[in-house]
Amino acid sequence: MSVTRWLWVRHAPTNPDGRIIGQTDIPALEPDSDSLIRTAAMLQGADVVLCSPLTRCRTTAGMLRKVSPALQAPVFDGTLMEQHFGAWEGQPYSAVGAWDGLDLRGMAALTPPEGESFLDLVERVRGALARIGAQFSGQTIAVIAHAGVIRAAVTLALDMPAHRGLSICIDPLSVTSLTDQGDSGWAVDHVNRT
């Protein structure tokens, strides 16, 4: 049986200024060095590093490699980008009232104009897990991505209804460890560790 370990890292903090950023390409802020060192230490032994191509993830990968030069250079993968909020990208949350009054099930199903719902994101991540997992089977895969993508991965590992994934907290520079045990299913080693 081939066991594949996934180490999911949320990018460094950003300043969205109260706006919906999704796939809007904003920079990461410089975190404190202790946070970077702790996160990099949890990635020791990663055989491959995959990364969302958005700047905040690319920058985070660079910062982590600066404190841990042994970390592999990242391979960029567009399927690891954050949920696409379509016409709502860059808009203040206060200007988009579509979520008002919705429960988690309604929020997960809500599709922004020209965008994707959280349910869509879960399916995108399902495909990425299958493809990347097959390519790097039996290895330790570090992924530098976004809160929504990591929530989707945990949702799939726990085989729970997608809307429940919206209640999972994923902090900047936290590491979530999931292990694909093949026919035995998934193990959730830890979530949101900083």
# chains A, B, ... in the order shown; residues from 1 in each chain; ligands from 1

$ residues_around --residues "Gly138 in chain A" --least-positions-apart "2" --cutoff "12 Å" --atoms "only C-alpha atoms" --output "MDAnalysis selection string"
chainID A and resid 1:6 46:48 132:136 140:141 179:182

$ select_by_dssp --residues "range 7-186 of chain A" --states "strand (DSSP E)" --output "list in words"
Leu7, Trp8, Val9, Arg10, Val48, Val49, Leu50, Cys51, Val75, Phe76, Thr140, Ile141, Ala142, Val143, Ile144, Ala145, Val175, Thr176, Ser177, Leu178, Thr179, Asp180 and Trp186 of chain A

$ write_last_selection --atoms "C-alpha atoms" --output "PDB file, in the first residue's frame"
ATOM      1  CA  LEU A   7       1.387  19.165   3.972  1.00  0.00           C
ATOM      2  CA  TRP A   8      -0.930  22.085   3.161  1.00  0.00           C
ATOM      3  CA  VAL A   9       0.401  25.574   3.934  1.00  0.00           C
ATOM      4  CA  ARG A  10      -1.713  28.689   3.771  1.00  0.00           C
ATOM      5  CA  VAL A  48       8.010  18.025  -3.815  1.00  0.00           C
ATOM      6  CA  VAL A  49       6.534  21.497  -3.323  1.00  0.00           C
ATOM      7  CA  LEU A  50       3.500  22.594  -5.305  1.00  0.00           C
ATOM      8  CA  CYS A  51       2.254  26.155  -5.240  1.00  0.00           C
ATOM      9  CA  VAL A  75       6.075  23.717  -9.095  1.00  0.00           C
ATOM     10  CA  PHE A  76       3.210  26.089  -9.913  1.00  0.00           C
ATOM     11  CA  THR A 140       5.451  13.789   0.914  1.00  0.00           C
ATOM     12  CA  ILE A 141       3.840  16.651  -0.978  1.00  0.00           C
ATOM     13  CA  ALA A 142       3.968  20.200   0.388  1.00  0.00           C
ATOM     14  CA  VAL A 143       1.353  22.541  -1.089  1.00  0.00           C
ATOM     15  CA  ILE A 144       1.396  26.320  -0.636  1.00  0.00           C
ATOM     16  CA  ALA A 145      -2.139  27.471  -1.301  1.00  0.00           C
ATOM     17  CA  VAL A 175       0.178  23.728   8.207  1.00  0.00           C
ATOM     18  CA  THR A 176      -2.518  21.086   7.752  1.00  0.00           C
ATOM     19  CA  SER A 177      -1.312  17.496   7.414  1.00  0.00           C
ATOM     20  CA  LEU A 178      -3.409  14.888   5.599  1.00  0.00           C
ATOM     21  CA  THR A 179      -2.324  11.340   4.763  1.00  0.00           C
ATOM     22  CA  ASP A 180      -3.785   9.380   1.862  1.00  0.00           C
ATOM     23  CA  TRP A 186      -7.495   9.364   4.588  1.00  0.00           C
TER      24      TRP A 186
END

$ closest_residue --among "A:Arg126, A:Arg151, A:His146, A:Arg19" --to "Leu173 in chain A" --atoms "only C-alpha atoms"
A:His146

$ residues_around --residues "range 82-94 of chain A" --least-positions-apart "6" --cutoff "8 Å" --atoms "only C-alpha atoms" --output "PDB file with N, CA and C atoms, in the first residue's frame"
ATOM      1  N   GLY A  18     -10.758  44.658   3.471  1.00  0.00           N
ATOM      2  CA  GLY A  18     -12.205  44.467   3.484  1.00  0.00           C
ATOM      3  C   GLY A  18     -12.797  44.060   2.146  1.00  0.00           C
ATOM      4  N   ARG A  19     -11.945  43.640   1.226  1.00  0.00           N
ATOM      5  CA  ARG A  19     -12.409  43.280  -0.120  1.00  0.00           C
ATOM      6  C   ARG A  19     -12.357  41.771  -0.332  1.00  0.00           C
ATOM      7  N   ILE A  20     -13.163  41.306  -1.268  1.00  0.00           N
ATOM      8  CA  ILE A  20     -13.178  39.906  -1.666  1.00  0.00           C
ATOM      9  C   ILE A  20     -11.998  39.706  -2.609  1.00  0.00           C
ATOM     10  N   ILE A  21     -11.037  38.874  -2.215  1.00  0.00           N
ATOM     11  CA  ILE A  21      -9.864  38.773  -3.074  1.00  0.00           C
ATOM     12  C   ILE A  21      -9.808  37.481  -3.883  1.00  0.00           C
ATOM     13  N   GLY A  22     -10.277  36.359  -3.370  1.00  0.00           N
ATOM     14  CA  GLY A  22     -10.284  35.141  -4.174  1.00  0.00           C
ATOM     15  C   GLY A  22      -9.044  34.995  -5.041  1.00  0.00           C
ATOM     16  N   GLN A  23      -9.237  35.119  -6.360  1.00  0.00           N
ATOM     17  CA  GLN A  23      -8.108  34.998  -7.289  1.00  0.00           C
ATOM     18  C   GLN A  23      -7.514  36.356  -7.667  1.00  0.00           C
ATOM     19  N   THR A  24      -7.949  37.428  -7.003  1.00  0.00           N
ATOM     20  CA  THR A  24      -7.309  38.722  -7.210  1.00  0.00           C
ATOM     21  C   THR A  24      -5.873  38.609  -6.713  1.00  0.00           C
ATOM     22  N   THR A 111     -23.051  30.742  -6.161  1.00  0.00           N
ATOM     23  CA  THR A 111     -22.103  30.938  -7.258  1.00  0.00           C
ATOM     24  C   THR A 111     -22.088  32.404  -7.669  1.00  0.00           C
ATOM     25  N   PRO A 112     -20.980  33.099  -7.470  1.00  0.00           N
ATOM     26  CA  PRO A 112     -20.890  34.498  -7.905  1.00  0.00           C
ATOM     27  C   PRO A 112     -21.008  34.574  -9.431  1.00  0.00           C
ATOM     28  N   PRO A 113     -21.526  35.687  -9.960  1.00  0.00           N
ATOM     29  CA  PRO A 113     -21.565  35.840 -11.416  1.00  0.00           C
ATOM     30  C   PRO A 113     -20.167  35.658 -12.006  1.00  0.00           C
ATOM     31  N   GLU A 114     -20.044  34.795 -12.999  1.00  0.00           N
ATOM     32  CA  GLU A 114     -18.772  34.516 -13.690  1.00  0.00           C
ATOM     33  C   GLU A 114     -17.728  33.872 -12.779  1.00  0.00           C
ATOM     34  N   GLY A 115     -18.174  33.320 -11.639  1.00  0.00           N
ATOM     35  CA  GLY A 115     -17.237  32.722 -10.701  1.00  0.00           C
ATOM     36  C   GLY A 115     -17.589  31.280 -10.396  1.00  0.00           C
ATOM     37  N   GLU A 116     -17.101  30.808  -9.247  1.00  0.00           N
ATOM     38  CA  GLU A 116     -17.380  29.437  -8.840  1.00  0.00           C
ATOM     39  C   GLU A 116     -17.832  29.412  -7.387  1.00  0.00           C
ATOM     40  N   SER A 117     -18.647  28.433  -7.052  1.00  0.00           N
ATOM     41  CA  SER A 117     -19.100  28.247  -5.682  1.00  0.00           C
ATOM     42  C   SER A 117     -18.048  27.448  -4.905  1.00  0.00           C
ATOM     43  N   PHE A 118     -18.230  27.368  -3.594  1.00  0.00           N
ATOM     44  CA  PHE A 118     -17.343  26.521  -2.796  1.00  0.00           C
ATOM     45  C   PHE A 118     -17.518  25.063  -3.226  1.00  0.00           C
ATOM     46  N   LEU A 121     -15.323  24.589  -6.052  1.00  0.00           N
ATOM     47  CA  LEU A 121     -13.931  24.525  -5.598  1.00  0.00           C
ATOM     48  C   LEU A 121     -13.601  23.140  -5.057  1.00  0.00           C
ATOM     49  N   ALA A 145      -0.875  27.107  -0.649  1.00  0.00           N
ATOM     50  CA  ALA A 145      -2.139  27.471  -1.301  1.00  0.00           C
ATOM     51  C   ALA A 145      -2.933  28.450  -0.439  1.00  0.00           C
ATOM     52  N   HIS A 146      -4.241  28.338  -0.513  1.00  0.00           N
ATOM     53  CA  HIS A 146      -5.168  29.310   0.063  1.00  0.00           C
ATOM     54  C   HIS A 146      -6.117  28.638   1.046  1.00  0.00           C
ATOM     55  N   ALA A 147      -6.734  29.435   1.900  1.00  0.00           N
ATOM     56  CA  ALA A 147      -7.641  28.893   2.914  1.00  0.00           C
ATOM     57  C   ALA A 147      -8.751  28.055   2.295  1.00  0.00           C
ATOM     58  N   GLY A 148      -9.381  28.550   1.231  1.00  0.00           N
ATOM     59  CA  GLY A 148     -10.489  27.810   0.621  1.00  0.00           C
ATOM     60  C   GLY A 148     -10.048  26.470   0.067  1.00  0.00           C
ATOM     61  N   VAL A 149      -8.898  26.434  -0.557  1.00  0.00           N
ATOM     62  CA  VAL A 149      -8.368  25.196  -1.133  1.00  0.00           C
ATOM     63  C   VAL A 149      -8.069  24.194  -0.017  1.00  0.00           C
TER      64      VAL A 149
END
